[in-house]
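Working notes for the structure below.
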Amino acid sequence: MLQTSAGALMGVAAEMNLYDKSISAAKVILTGFVVVFSMLFLLIIVIKVYSTAIAGFQRAADKRSKKKDRVMERVSAERGAHIIKKPAYVTPLSVEEGIPDEVVAVIAAAVAASFPSGSKPAIKSIKKAGGGRSAWANAGVLDNTRPF
Amino acid sequence: MEIIDGFLKAIYGIYESSGLMTLNWQNYIMIAVSIFLLYLAIKKQYEPLLLLPIAFGMLLVNLYPGIMEPPATQLIQMNGANDPAAAGHATQQINGVWFYENPKYGGLLYYLYQGVKLGIYPPLIFLGIGCMTDFGPLISNPKSLILGAAAQIGIFVTFTGAIFLGFSEAQSGAIAIIGGADGPTAIFVTTKLAPELLGSIAIAAYSYMALVPIIQPPIMKALTTKKERSVVMEQLRPVSKLEKIIFPIIVVILISIFLPDAAPLVGMLMLGNLFKESGVVDRIAKAAQNELMNIITIFLGVTVGGTAKGSTFLTFDTIKIIVLGLIAFSMGTAFGLLFGKLMYKLTKGKVNPLIGSAGVSAVPMAARVSQRVGQQENPGNFLLMHAMGPNVAGVIGSAVAAGVLLNVIPH
């Protein structure tokens with residue numbers, strides 16, 4: 001069945017003369033070039049527009065929250081409230097013994113790089129991962145999974 | 001004596017139905033080819049996840065061609081109109097003789113192949129790819145979409161070569177899509193345009209994807225200067241979560257409206273990506289990129305290999321397809337690089353043209369090759385993230401190119 005349809009299609013190709021082939025090739029090249037580039041250009045424009053819009057919204061939101069903070073500070077100062085602003089509590093970084101400072105620095109850099117600029121990620125602790133299952137746990141898993 | 005006679009008859013029956021009697025020389029050549037491909041998959045690790053099942057499917061179908069046979073109906077002559085053997089079967093009379101219809105079921109791979117034939121597996125693979133793809137580098141540098149588009153030019157130029165070599169329009173379109181270096185897209189387009197060429201095209205497409213690290217570097221070095229290859233690009237801006245969530249929705253709306261033929265591929269790709277980026281359906285995202293993708297990969301690989309039957313695969317057309325596929329792939333790489341060079345000139349040396357070759361959509365292999373070739377000139381240069389932009393743009397670009405071919409070519 002497959003051979004028959006292949007033969008039939010090859011027959012169609014054989015029927016096309018040089019002119020038909022040139023027309024067909026030119027049509028596909030032109031359409032392909034124009035459509036693929038137009039679609040992707042359109043995407044570039046759309047991505048640019050919505051990225052700019054989102055960045056604008058985020059800037060406006062940041063500005064609003066900063067303005068709100070300033071107003072709150074001014075109001076509390078005017079009222080003469082003797083409220084002592086508590087310093088933000090920062091959990092001290094707990095690092096397991098045996099982990100060199102260089103490794104801590106690398107982990108901190110990697111974490112910072114994975115967050116967008118402006119955000120302030122905090123690392124609370126750095127521990128070595130567990131050394132896997134115990135011998136007894138391994139024996140149990142093996143016993144249950146061996147038939148598969 | 002009767003026992004010996006029966007025994008000999010049984011042995012002869014087994015011998016007659018064995019491969020020793022039914023296989024032809026083409027099958028033996030294909031068995032050797034499949035073993036060579038298994039070697040490449042296991043020892044050289046060339047795209048083993050696909051090459052291994054493809055090679056094994058090829059081996060199976062050439063050992064036992066019946067495994068890919070479609071269902072058929074066998075007519076068996078009846079002993080009179082009331083033959084009890086015909087009970088429950090449809091009967092028919094031909095020239096006064098009664099026959100009953102005995103259904104013969106198709107081979108295992110025939111049924112699994114329906115997912116390929118009906119265009120189900122490639123979009124499901126795209127769903128998994130979408131779950132694994134980070135479009136961040138593309139969103140932060142949308143200009144890299146131009147490189148993804150440029151690398152598709154090879155597809156349309158190869159179409160010309162194929163049509164002048166005597167292939168029909170539909171077959172030429174299916175052959176040309178190899179230049180997109182995207183296996184699922186190649187399969188999707190071929191099943192619609194020229195299903196009879198599926199085995200050759202799928203094997204050529206996956207072979208070239210596996211050979212990206214060998215085919216691309218010489219072209220990259222030939223088309224760029226040392227100075228261009230040494231360009232260190234600026235760090236990409238971070239992309240917010242909201243931008244990443246909006247991206248798949250916008251892409252699917254735009255492409256499906258303007259090019260509906262590309263909707264199954266792009267739609268599934270973007271659905272997978274939305275699973276990932278939304279962060280609210282982690283379970284589904286994990287299932288799509290692991291279990292579902294692995295199962296579909298097995299079915300797709302084995303059944304595509306199953307189409308490479310010796311008698312249909314070993315033809316001069318296959319050789320032409322393999323050569324045209326290589327041309328398409330090389331031209332895609334070259335056009336990506338040339339547009340990369342153009343961007344290098346326009347940005348006054350801020351873009352490294354090597355990222356252009358990643359516009360072919362072999363993800364992430366092509367991006368890794370850009371990184372490696374860049375580091376050969378400047379070990380401190382990290383192009384990987386910059387090359388991922390054109391690389392994922394290539395996936396979208398090849399799906400759009402597929403939509404164009406399906407739309408323009410009558411089938």
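We label chains A, B, ... in the order they appear in the structure tokens, count residues from 1 in each chain, and number ligands from 1 in the order shown.
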Practice task
Considering only C-alpha atoms, return as an MDAnalysis selection string whatever protein or nucleic-acid residues lie within 8 Å of Glu277 (chain B), sequence-local ones (same chain, fewer than 4 positions apart) excluded.
Solution key: chainID B and resid 241 244:245 273
Exercise for the section: Report as a ChimeraX atom specification the set of chain B residues whose atoms approach chain A to within 9 Å, with distances computed over only C-alpha atoms. Expected result: /B:139-146,148-150,152-153,155-157,159-161,163-164,166-171,173,194-197,237-240,242-243,246-247,250-251,254-255,258-259,312,393,396-398,400-401,404-405,408-409
Practice task
Can you check which residues of region 41-105 of chain B DSSP gives as alpha helix (DSSP H) on the backbone and send them as a ChimeraX atom specification?
Solution key: /B:41-42,48-63
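Proximity of B:Pro264, B:Pro53, B:Gly154, B:Gly183 to Leu124 (chain B), computed with only C-alpha atoms, is greatest for B:Pro264.
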Problem - Neighbour list for region 316-328 of chain B as a list of chain:residue names, cut-off 6 Å, only C-alpha atoms, skip fewer than 5 positions in-chain - result: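 So the residues in contact are B:Gly154, B:Ile155, B:Thr158, B:Ile178, B:Gly179, B:Ser200, B:Ala204.
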Exercise for the section: Just the residues within 7 Å of region 91-103 of chain B, please, counting only C-alpha atoms, with nothing from its chain fewer than 4 positions along; format it as a PyMOL selection string. Expected result: chain B and resi 72-78+80-81+86
Exercise for the section: Find the residues around Met343 (chain B) up to 12 Å (only C-alpha atoms counted), leave out those fewer than 5 positions away in its own chain, and share them as a PyMOL selection string. Expected result: chain B and resi 143-147+150+228+336-338+348-356
Dump as a PDB file, in the first residue's frame, selection limited to C-alpha atoms:
```pdb
ATOM      1  CA  LYS B 143      15.865  39.888  18.811  1.00  0.00           C
ATOM      2  CA  SER B 144      17.136  36.325  18.973  1.00  0.00           C
ATOM      3  CA  LEU B 145      13.842  35.353  17.295  1.00  0.00           C
ATOM      4  CA  ILE B 146      15.377  36.717  14.069  1.00  0.00           C
ATOM      5  CA  LEU B 147      18.122  34.088  14.324  1.00  0.00           C
ATOM      6  CA  ALA B 150      16.953  32.782   9.714  1.00  0.00           C
ATOM      7  CA  GLU B 228      33.737  37.606  15.840  1.00  0.00           C
ATOM      8  CA  GLY B 336      21.623  31.430  11.252  1.00  0.00           C
ATOM      9  CA  LEU B 337      25.327  32.337  11.351  1.00  0.00           C
ATOM     10  CA  LEU B 338      25.027  34.838   8.497  1.00  0.00           C
ATOM     11  CA  LYS B 348      28.803  47.243  16.356  1.00  0.00           C
ATOM     12  CA  GLY B 349      30.234  44.029  17.727  1.00  0.00           C
ATOM     13  CA  LYS B 350      27.909  43.384  20.662  1.00  0.00           C
ATOM     14  CA  VAL B 351      26.445  40.113  19.316  1.00  0.00           C
ATOM     15  CA  ASN B 352      28.589  37.011  18.919  1.00  0.00           C
ATOM     16  CA  PRO B 353      27.533  35.480  15.553  1.00  0.00           C
ATOM     17  CA  LEU B 354      28.113  31.978  16.932  1.00  0.00           C
ATOM     18  CA  ILE B 355      24.745  32.128  18.674  1.00  0.00           C
ATOM     19  CA  GLY B 356      23.130  32.214  15.197  1.00  0.00           C
TER      20      GLY B 356
END
```
Problem - Test item: residues at most 7 Å from region 385-389 of chain B, only C-alpha atoms, excluding those fewer than 5 positions along its chain, as a list in words - result: Pro137, Leu138, Ser144, Ile355, Ala358, Ala367 and Ser370 of chain B
